[in-house]
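K.L.:
This is work.txt (compact mmCIF, C-alpha atoms and all ligand atoms).
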# COMPACT_ATOMS: atom_id res chain seq x y z
CA MET A 799 -35.39 14.51 39.04
CA LEU A 800 -35.39 11.89 36.28
CA LYS A 801 -35.30 13.49 32.84
CA ILE A 802 -37.00 11.61 30.04
CA ALA A 803 -37.56 11.84 26.29
CA VAL A 804 -40.81 10.42 24.93
CA LEU A 805 -40.81 9.11 21.36
CA ILE A 806 -44.13 8.90 19.52
CA SER A 807 -45.60 8.30 16.07
CA GLY A 808 -49.30 8.91 16.51
CA ASN A 809 -52.08 9.91 18.86
CA GLY A 810 -49.86 10.06 21.92
CA SER A 811 -52.43 8.88 24.44
CA ASN A 812 -49.62 7.17 26.36
CA LEU A 813 -47.69 10.46 26.35
CA GLN A 814 -50.83 12.08 27.75
CA ALA A 815 -51.03 9.44 30.47
CA ILE A 816 -47.43 10.27 31.46
CA LEU A 817 -48.20 14.01 31.56
CA ASP A 818 -51.37 13.43 33.57
CA SER A 819 -49.50 11.25 36.08
CA ILE A 820 -46.91 14.01 36.49
CA ASP A 821 -49.69 16.57 37.05
CA SER A 822 -51.36 14.43 39.67
CA GLY A 823 -48.05 14.02 41.51
CA ILE A 824 -47.93 10.22 41.08
CA LEU A 825 -45.00 10.35 38.68
CA LYS A 826 -41.96 12.40 39.52
CA CYS A 827 -40.02 13.02 36.33
CA SER A 828 -39.58 15.73 33.76
CA VAL A 829 -40.42 15.29 30.07
CA GLU A 830 -37.54 17.18 28.46
CA MET A 831 -38.56 16.52 24.88
CA VAL A 832 -41.00 14.71 22.62
CA ILE A 833 -39.63 13.26 19.40
CA SER A 834 -41.86 12.09 16.57
CA ASP A 835 -41.05 10.29 13.33
CA ARG A 836 -44.33 11.61 11.85
CA LYS A 837 -44.93 15.32 11.55
CA GLU A 838 -48.72 14.85 11.69
CA ALA A 839 -48.63 12.92 15.00
CA TYR A 840 -51.27 14.37 17.33
CA GLY A 841 -48.97 13.72 20.29
CA LEU A 842 -46.88 16.69 19.09
CA GLU A 843 -49.86 18.96 19.85
CA ARG A 844 -50.16 17.48 23.32
CA ALA A 845 -46.48 18.31 23.92
CA LYS A 846 -46.73 21.83 22.50
CA GLN A 847 -49.69 22.59 24.77
CA ARG A 848 -47.33 21.97 27.68
CA ASN A 849 -44.44 23.91 26.18
CA ILE A 850 -42.39 20.74 25.89
CA LYS A 851 -39.71 20.85 23.19
CA THR A 852 -40.67 18.82 20.13
CA TYR A 853 -38.50 17.39 17.37
CA ILE A 854 -39.44 15.65 14.15
CA VAL A 855 -37.08 13.04 12.79
CA ASN A 856 -37.26 11.63 9.30
CA ARG A 857 -38.37 8.00 9.37
CA SER A 858 -37.13 7.27 5.86
CA GLU A 859 -33.68 8.47 6.93
CA LYS A 860 -31.14 5.69 7.50
CA ASN A 861 -29.59 7.68 10.33
CA ILE A 862 -32.75 8.22 12.36
CA SER A 863 -31.23 6.43 15.38
CA ARG A 864 -28.12 8.62 15.15
CA GLU A 865 -30.28 11.75 15.01
CA ILE A 866 -32.21 10.64 18.11
CA LEU A 867 -28.96 9.83 19.90
CA GLU A 868 -27.68 13.34 19.20
CA LEU A 869 -30.90 14.88 20.54
CA THR A 870 -30.97 12.83 23.72
CA LEU A 871 -27.40 12.02 24.80
CA GLY A 872 -26.47 13.95 27.92
CA LYS A 873 -29.94 15.51 28.08
CA VAL A 874 -32.11 12.67 29.36
CA GLN A 875 -31.55 9.58 31.46
CA LEU A 876 -34.42 7.52 30.05
CA ILE A 877 -35.93 7.21 26.57
CA VAL A 878 -39.56 6.10 26.53
CA LEU A 879 -41.01 4.67 23.34
CA ALA A 880 -44.75 5.33 23.53
CA GLY A 881 -46.21 4.16 20.25
CA PHE A 882 -43.01 4.91 18.32
CA LEU A 883 -42.99 2.93 15.08
CA SER A 884 -39.40 3.26 13.85
CA ILE A 885 -36.86 0.71 15.03
CA LEU A 886 -33.88 2.05 16.96
CA LYS A 887 -30.56 0.56 15.92
CA GLY A 888 -26.84 0.90 16.43
CA GLU A 889 -25.02 3.08 18.92
CA ILE A 890 -28.09 4.44 20.72
CA ILE A 891 -28.90 0.94 22.02
CA GLU A 892 -25.42 0.62 23.50
CA LYS A 893 -25.23 4.19 24.81
CA PHE A 894 -28.65 3.89 26.45
CA ARG A 895 -28.35 0.23 27.50
CA ASN A 896 -31.21 -0.54 29.93
CA ARG A 897 -32.32 3.06 29.62
CA ILE A 898 -34.71 2.74 26.67
CA ILE A 899 -38.13 1.27 27.40
CA ASN A 900 -41.05 0.43 25.13
CA ILE A 901 -44.71 -0.31 25.71
CA HIS A 902 -46.20 -3.12 23.62
CA PRO A 903 -49.92 -3.95 23.60
CA SER A 904 -49.69 -7.72 24.22
CA LEU A 905 -48.22 -10.13 26.72
CA ILE A 906 -44.72 -10.57 25.23
CA PRO A 907 -43.53 -13.04 23.90
CA ALA A 908 -47.00 -13.45 22.35
CA PHE A 909 -48.02 -11.32 19.36
CA CYS A 910 -44.86 -9.25 19.08
CA GLY A 911 -41.88 -8.80 16.81
CA LYS A 912 -41.62 -7.60 13.23
CA GLY A 913 -44.86 -6.30 11.73
CA MET A 914 -46.76 -6.60 15.03
CA TYR A 915 -47.93 -3.11 15.81
CA GLY A 916 -51.16 -1.19 16.28
CA VAL A 917 -54.41 -3.04 15.73
CA LYS A 918 -52.56 -5.97 14.08
CA VAL A 919 -51.47 -7.13 17.52
CA HIS A 920 -55.07 -7.32 18.70
CA GLU A 921 -56.28 -8.96 15.47
CA ALA A 922 -53.71 -11.68 16.05
CA ALA A 923 -54.74 -12.15 19.71
CA VAL A 924 -58.48 -12.31 18.89
CA SER A 925 -58.05 -14.70 15.96
CA TYR A 926 -55.71 -16.96 17.97
CA GLY A 927 -58.42 -17.26 20.61
CA VAL A 928 -56.37 -16.36 23.67
CA LYS A 929 -58.36 -15.77 26.85
CA TYR A 930 -55.98 -13.13 28.11
CA SER A 931 -53.96 -10.48 26.40
CA GLY A 932 -52.49 -7.38 27.99
CA CYS A 933 -49.54 -5.06 27.76
CA THR A 934 -45.82 -5.19 28.45
CA VAL A 935 -43.16 -2.63 29.27
CA HIS A 936 -39.74 -3.92 28.29
CA PHE A 937 -36.19 -2.78 27.67
CA VAL A 938 -35.22 -2.10 24.09
CA ASP A 939 -32.30 -4.14 22.81
CA GLU A 940 -30.96 -4.99 19.34
CA GLY A 941 -34.02 -7.08 18.42
CA THR A 942 -37.70 -6.21 17.94
CA ASP A 943 -39.70 -6.44 21.19
CA SER A 944 -37.04 -8.84 22.47
CA GLY A 945 -35.56 -6.94 25.45
CA ALA A 946 -36.02 -8.00 29.06
CA ILE A 947 -39.52 -7.57 30.48
CA ILE A 948 -39.97 -4.96 33.21
CA CYS A 949 -43.69 -5.31 33.94
CA GLN A 950 -46.89 -6.66 32.41
CA LYS A 951 -50.62 -6.37 32.97
CA THR A 952 -53.17 -8.93 31.83
CA VAL A 953 -56.46 -8.01 30.18
CA PRO A 954 -59.25 -10.58 29.61
CA VAL A 955 -60.37 -11.34 26.07
CA TYR A 956 -64.12 -11.89 25.73
CA ASN A 957 -66.01 -14.01 23.17
CA GLU A 958 -67.59 -10.94 21.61
CA ASP A 959 -64.31 -8.99 21.35
CA THR A 960 -63.13 -7.54 18.08
CA ALA A 961 -59.57 -6.30 17.61
CA GLU A 962 -60.88 -2.78 18.20
CA THR A 963 -62.72 -3.49 21.47
CA LEU A 964 -59.71 -5.39 22.79
CA GLN A 965 -57.39 -2.58 21.73
CA LYS A 966 -59.46 -0.09 23.72
CA ARG A 967 -59.47 -2.26 26.83
CA VAL A 968 -55.70 -2.85 26.62
CA LEU A 969 -55.03 0.86 26.10
CA VAL A 970 -56.72 1.68 29.42
CA GLU A 971 -54.15 -0.56 31.13
CA GLU A 972 -51.24 0.80 29.09
CA HIS A 973 -52.04 4.23 30.44
CA LYS A 974 -51.49 2.95 33.98
CA LEU A 975 -48.59 0.58 33.31
CA LEU A 976 -46.28 2.97 31.46
CA PRO A 977 -46.27 5.75 34.11
CA LYS A 978 -45.83 3.05 36.76
CA ALA A 979 -42.78 1.66 34.94
CA ILE A 980 -41.24 5.13 34.53
CA ASN A 981 -41.72 5.70 38.23
CA TYR A 982 -39.65 2.58 38.96
CA PHE A 983 -36.77 4.36 37.21
CA ALA A 984 -37.49 7.68 38.92
CA GLU A 985 -37.36 5.92 42.27
CA ASP A 986 -34.36 3.76 41.27
CA LYS A 987 -36.20 0.52 41.92
CA ILE A 988 -35.06 -1.48 38.90
CA ARG A 989 -32.43 -4.23 39.17
CA SER A 990 -31.51 -6.62 36.35
CA GLU A 991 -29.87 -10.03 36.19
CA GLY A 992 -29.68 -10.95 32.52
CA ARG A 993 -33.24 -11.29 31.26
CA LYS A 994 -34.68 -11.09 34.75
CA VAL A 995 -35.73 -7.67 35.91
CA PHE A 996 -36.64 -7.11 39.52
CA VAL A 997 -38.52 -4.22 41.01
CA ILE A 998 -37.24 -3.48 44.48
CA GLU A 999 -40.08 -2.53 46.80
CA GLU A 1000 -39.20 -1.19 50.24
C1 LIG A 1101 -50.15 1.74 21.95
O1 LIG A 1101 -51.04 0.67 21.86
C2 LIG A 1101 -48.75 1.22 22.21
O2 LIG A 1101 -48.72 0.09 23.00
C3 LIG A 1101 -48.29 0.87 20.84
O3 LIG A 1101 -48.81 1.90 20.01
C4 LIG A 1101 -49.98 2.44 20.61
C5 LIG A 1101 -49.77 3.92 20.74
O4 LIG A 1101 -50.86 4.61 21.20
N1 LIG A 1101 -46.86 0.66 20.81
P1 LIG A 1101 -50.75 6.15 21.59
O5 LIG A 1101 -50.07 6.88 20.43
O6 LIG A 1101 -49.97 6.27 22.85
O7 LIG A 1101 -52.17 6.62 21.75
Could the structure of this file be written out as structure tokens, please?

P.N.:
Amino acid sequence: MLKIAVLISGNGSNLQAILDSIDSGILKCSVEMVISDRKEAYGLERAKQRNIKTYIVNRSEKNISREILELTLGKVQLIVLAGFLSILKGEIIEKFRNRIINIHPSLIPAFCGKGMYGVKVHEAAVSYGVKYSGCTVHFVDEGTDSGAIICQKTVPVYNEDTAETLQKRVLVEEHKLLPKAINYFAEDKIRSEGRKVFVIEE
């Protein structure tokens, strides 16, 4: 069974979607630990309710990536960033090459990169006037939101949308896309050729 660590900073609704998919039998993996860089993150409560081990790492600490590497190495096969706001750097990227994934609430390469997080992403999409936004699950590499794309889902943007209404509509899709992406790993369906990631369907 695939063992995963889920890293969060806030509400943890994506963590909840993972747990719900496991409960319903759609996703076959085990959440070994939840790591947060904010002690007040509500996602920690969600984990504790399930008796999942939780860890808090200090986001102002230079060695946060090192700390996370020590918690996860040899314990999990996949690290899932689900609304985790700190940037992972250094050895962890190498040690977990193609085994760290992130969910981003836009169609990468639009509205991503430094400073693009939370509602800011949706503000940028609405003010740009795009007709479609969406969400992306991608590998984490040395850059910010720059790793190879695993899967994406489009979401229409309507004339009357505000950043908040778009955010809500995208989040509904995130909750389906992230468990689906994790399942690709659980079922060993991911193959990569450079930036191109293929999902092998029988
Ligand atoms: C999501 O929109 C995710 O894409 C982004 O941060 C948000 C986290 O939401 N990276 P939640 O904590 O899972 O509710």

K.L.:
What's around stretch 984-993 of chain A at 10 Å? Count only C-alpha atoms, leave out sequence neighbours fewer than 2 positions away in its own chain, and write the answer as a ChimeraX atom specification.

P.N.:
/A:799-802,825-828,875-876,896,937,944-948,978-982,995-1000

K.L.:
Counting all atoms listed in the file, what are the residues of stretch 828-894 of chain A within 10 Å of stretch 809-819 of chain A, and for each of them which pair of atoms is the nearest and at what distance in Å, to one decimal? Sort the table by chain and rising number, as CSV.

P.N.:
residue,atom,partner,partner_atom,distance
A:Ser828,CA,A:Leu817,CA,9.1
A:Val829,CA,A:Leu817,CA,8.0
A:Val832,CA,A:Leu813,CA,8.8
A:Ser834,CA,A:Gly810,CA,9.8
A:Glu838,CA,A:Asn809,CA,9.3
A:Ala839,CA,A:Asn809,CA,6.0
A:Tyr840,CA,A:Asn809,CA,4.8
A:Gly841,CA,A:Gly810,CA,4.1
A:Leu842,CA,A:Gly810,CA,7.8
A:Glu843,CA,A:Gly810,CA,9.1
A:Arg844,CA,A:Gln814,CA,7.0
A:Ala845,CA,A:Leu813,CA,8.3
A:Arg848,CA,A:Leu817,CA,8.9
A:Val878,CA,A:Leu813,CA,9.2
A:Leu879,CA,A:Leu813,CA,9.3
A:Ala880,CA,A:Asn812,CA,5.9
A:Gly881,CA,A:Gly810,CA,7.1
A:Phe882,CA,A:Gly810,CA,9.3

K.L.:
Which residue, A:Lys873, A:Leu867, A:Cys910, A:Val928, has the smallest gap to A:Glu892 when you use all atoms listed in the file?

P.N.:
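For A:Glu892, the nearest of the given residues is A:Leu867.
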
K.L.:
From the options A:Leu805, A:Ala923, A:Leu869, A:Met914, which residue's atoms come nearest to A:Arg836, counting all atoms listed in the file?

P.N.:
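Going through A:Leu805, A:Ala923, A:Leu869, A:Met914 one by one, the smallest distance to A:Arg836 is for A:Leu805.
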
K.L.:
Tell me, in Å to one decimal, how far atom CA of A:Gly808 is from atom CA of A:Ile854.

P.N.:
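Separating atom CA of A:Gly808 from atom CA of A:Ile854 is a distance of 12.2 Å.
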
K.L.:
In Å, with one decimal, what is the gap from atom CA of A:Phe894 to atom CA of A:Glu865?

P.N.:
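We find that atom CA of A:Phe894 and atom CA of A:Glu865 lie 14.0 Å from each other.
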
K.L.:
Ranking A:Leu883, A:Val855, A:Val924, A:Cys949 by minimum distance to ligand LIG 1101 (chain A) and counting only C-alpha atoms and all ligand atoms, which one comes first?

P.N.:
A:Leu883

K.L.:
Which residue out of A:Ala961, A:Ile901, A:Ile824, A:Ile862 has the minimum interatomic distance to ligand LIG 1101 (chain A) when all atoms listed in the file are used?

P.N.:
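Ranked by minimum distance to ligand LIG 1101 (chain A), first place goes to A:Ile901.
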
K.L.:
Could you pull stretch 918-930 of chain A out of the structure just shown and give all heavy atoms as a PDB file, in the first residue's frame?

P.N.:
ATOM      1  N   LYS A 918      -5.273  35.049  -4.491  1.00  0.00           N
ATOM      2  CA  LYS A 918      -4.527  35.875  -5.461  1.00  0.00           C
ATOM      3  C   LYS A 918      -4.540  35.256  -6.854  1.00  0.00           C
ATOM      4  O   LYS A 918      -4.560  35.946  -7.865  1.00  0.00           O
ATOM      5  CB  LYS A 918      -3.065  36.031  -5.032  1.00  0.00           C
ATOM      6  CG  LYS A 918      -2.880  36.896  -3.828  1.00  0.00           C
ATOM      7  CD  LYS A 918      -1.406  37.019  -3.532  1.00  0.00           C
ATOM      8  CE  LYS A 918      -1.222  37.708  -2.200  1.00  0.00           C
ATOM      9  NZ  LYS A 918       0.177  37.992  -1.924  1.00  0.00           N
ATOM     10  N   VAL A 919      -4.500  33.933  -6.881  1.00  0.00           N
ATOM     11  CA  VAL A 919      -4.494  33.211  -8.163  1.00  0.00           C
ATOM     12  C   VAL A 919      -5.797  33.510  -8.904  1.00  0.00           C
ATOM     13  O   VAL A 919      -5.798  33.801 -10.112  1.00  0.00           O
ATOM     14  CB  VAL A 919      -4.381  31.688  -7.914  1.00  0.00           C
ATOM     15  CG1 VAL A 919      -4.396  30.907  -9.214  1.00  0.00           C
ATOM     16  CG2 VAL A 919      -3.149  31.360  -7.093  1.00  0.00           C
ATOM     17  N   HIS A 920      -6.891  33.479  -8.163  1.00  0.00           N
ATOM     18  CA  HIS A 920      -8.210  33.660  -8.780  1.00  0.00           C
ATOM     19  C   HIS A 920      -8.457  35.132  -9.122  1.00  0.00           C
ATOM     20  O   HIS A 920      -9.100  35.432 -10.123  1.00  0.00           O
ATOM     21  CB  HIS A 920      -9.285  33.085  -7.858  1.00  0.00           C
ATOM     22  CG  HIS A 920      -9.001  31.655  -7.499  1.00  0.00           C
ATOM     23  ND1 HIS A 920      -9.138  30.636  -8.416  1.00  0.00           N
ATOM     24  CD2 HIS A 920      -8.513  31.093  -6.367  1.00  0.00           C
ATOM     25  CE1 HIS A 920      -8.775  29.499  -7.833  1.00  0.00           C
ATOM     26  NE2 HIS A 920      -8.393  29.751  -6.598  1.00  0.00           N
ATOM     27  N   GLU A 921      -7.925  36.040  -8.314  1.00  0.00           N
ATOM     28  CA  GLU A 921      -8.008  37.470  -8.635  1.00  0.00           C
ATOM     29  C   GLU A 921      -7.324  37.724  -9.969  1.00  0.00           C
ATOM     30  O   GLU A 921      -7.845  38.438 -10.827  1.00  0.00           O
ATOM     31  CB  GLU A 921      -7.310  38.308  -7.548  1.00  0.00           C
ATOM     32  CG  GLU A 921      -8.178  38.574  -6.333  1.00  0.00           C
ATOM     33  CD  GLU A 921      -7.387  39.027  -5.105  1.00  0.00           C
ATOM     34  OE1 GLU A 921      -6.166  39.285  -5.227  1.00  0.00           O
ATOM     35  OE2 GLU A 921      -8.000  39.072  -4.032  1.00  0.00           O
ATOM     36  N   ALA A 922      -6.163  37.108 -10.145  1.00  0.00           N
ATOM     37  CA  ALA A 922      -5.404  37.302 -11.383  1.00  0.00           C
ATOM     38  C   ALA A 922      -6.164  36.730 -12.582  1.00  0.00           C
ATOM     39  O   ALA A 922      -6.230  37.362 -13.644  1.00  0.00           O
ATOM     40  CB  ALA A 922      -4.032  36.644 -11.259  1.00  0.00           C
ATOM     41  N   ALA A 923      -6.782  35.563 -12.400  1.00  0.00           N
ATOM     42  CA  ALA A 923      -7.516  34.924 -13.510  1.00  0.00           C
ATOM     43  C   ALA A 923      -8.741  35.763 -13.883  1.00  0.00           C
ATOM     44  O   ALA A 923      -8.991  36.021 -15.073  1.00  0.00           O
ATOM     45  CB  ALA A 923      -7.932  33.510 -13.125  1.00  0.00           C
ATOM     46  N   VAL A 924      -9.489  36.235 -12.883  1.00  0.00           N
ATOM     47  CA  VAL A 924     -10.697  37.032 -13.150  1.00  0.00           C
ATOM     48  C   VAL A 924     -10.306  38.353 -13.802  1.00  0.00           C
ATOM     49  O   VAL A 924     -10.893  38.757 -14.814  1.00  0.00           O
ATOM     50  CB  VAL A 924     -11.510  37.254 -11.841  1.00  0.00           C
ATOM     51  CG1 VAL A 924     -12.574  38.328 -12.023  1.00  0.00           C
ATOM     52  CG2 VAL A 924     -12.151  35.941 -11.386  1.00  0.00           C
ATOM     53  N   SER A 925      -9.287  39.027 -13.287  1.00  0.00           N
ATOM     54  CA  SER A 925      -8.954  40.341 -13.856  1.00  0.00           C
ATOM     55  C   SER A 925      -8.303  40.214 -15.231  1.00  0.00           C
ATOM     56  O   SER A 925      -8.424  41.114 -16.055  1.00  0.00           O
ATOM     57  CB  SER A 925      -8.129  41.196 -12.895  1.00  0.00           C
ATOM     58  OG  SER A 925      -6.894  40.588 -12.693  1.00  0.00           O
ATOM     59  N   TYR A 926      -7.681  39.089 -15.515  1.00  0.00           N
ATOM     60  CA  TYR A 926      -7.118  38.880 -16.869  1.00  0.00           C
ATOM     61  C   TYR A 926      -8.227  38.652 -17.881  1.00  0.00           C
ATOM     62  O   TYR A 926      -8.094  38.935 -19.067  1.00  0.00           O
ATOM     63  CB  TYR A 926      -6.161  37.685 -16.874  1.00  0.00           C
ATOM     64  CG  TYR A 926      -5.242  37.680 -18.071  1.00  0.00           C
ATOM     65  CD1 TYR A 926      -3.975  38.245 -17.980  1.00  0.00           C
ATOM     66  CD2 TYR A 926      -5.643  37.111 -19.281  1.00  0.00           C
ATOM     67  CE1 TYR A 926      -3.128  38.258 -19.069  1.00  0.00           C
ATOM     68  CE2 TYR A 926      -4.791  37.128 -20.384  1.00  0.00           C
ATOM     69  CZ  TYR A 926      -3.541  37.701 -20.266  1.00  0.00           C
ATOM     70  OH  TYR A 926      -2.705  37.724 -21.355  1.00  0.00           O
ATOM     71  N   GLY A 927      -9.347  38.110 -17.405  1.00  0.00           N
ATOM     72  CA  GLY A 927     -10.473  37.871 -18.314  1.00  0.00           C
ATOM     73  C   GLY A 927     -10.445  36.530 -19.014  1.00  0.00           C
ATOM     74  O   GLY A 927     -11.077  36.362 -20.064  1.00  0.00           O
ATOM     75  N   VAL A 928      -9.741  35.552 -18.427  1.00  0.00           N
ATOM     76  CA  VAL A 928      -9.727  34.226 -19.059  1.00  0.00           C
ATOM     77  C   VAL A 928     -11.130  33.609 -18.996  1.00  0.00           C
ATOM     78  O   VAL A 928     -11.921  33.916 -18.101  1.00  0.00           O
ATOM     79  CB  VAL A 928      -8.708  33.257 -18.396  1.00  0.00           C
ATOM     80  CG1 VAL A 928      -7.280  33.674 -18.723  1.00  0.00           C
ATOM     81  CG2 VAL A 928      -8.915  33.151 -16.893  1.00  0.00           C
ATOM     82  N   LYS A 929     -11.427  32.779 -19.962  1.00  0.00           N
ATOM     83  CA  LYS A 929     -12.740  32.112 -19.997  1.00  0.00           C
ATOM     84  C   LYS A 929     -12.705  30.773 -19.266  1.00  0.00           C
ATOM     85  O   LYS A 929     -13.741  30.218 -18.924  1.00  0.00           O
ATOM     86  CB  LYS A 929     -13.187  31.885 -21.453  1.00  0.00           C
ATOM     87  CG  LYS A 929     -13.249  33.169 -22.277  1.00  0.00           C
ATOM     88  CD  LYS A 929     -14.226  34.167 -21.676  1.00  0.00           C
ATOM     89  CE  LYS A 929     -14.293  35.431 -22.523  1.00  0.00           C
ATOM     90  NZ  LYS A 929     -14.843  36.564 -21.744  1.00  0.00           N
ATOM     91  N   TYR A 930     -11.515  30.256 -19.123  1.00  0.00           N
ATOM     92  CA  TYR A 930     -11.340  29.007 -18.364  1.00  0.00           C
ATOM     93  C   TYR A 930     -10.181  29.155 -17.396  1.00  0.00           C
ATOM     94  O   TYR A 930      -9.141  29.692 -17.753  1.00  0.00           O
ATOM     95  CB  TYR A 930     -11.045  27.820 -19.299  1.00  0.00           C
ATOM     96  CG  TYR A 930     -12.247  27.396 -20.086  1.00  0.00           C
ATOM     97  CD1 TYR A 930     -12.484  27.927 -21.351  1.00  0.00           C
ATOM     98  CD2 TYR A 930     -13.164  26.497 -19.548  1.00  0.00           C
ATOM     99  CE1 TYR A 930     -13.615  27.566 -22.065  1.00  0.00           C
ATOM    100  CE2 TYR A 930     -14.294  26.134 -20.261  1.00  0.00           C
ATOM    101  CZ  TYR A 930     -14.518  26.672 -21.518  1.00  0.00           C
ATOM    102  OH  TYR A 930     -15.635  26.315 -22.209  1.00  0.00           O
TER     103      TYR A 930
END
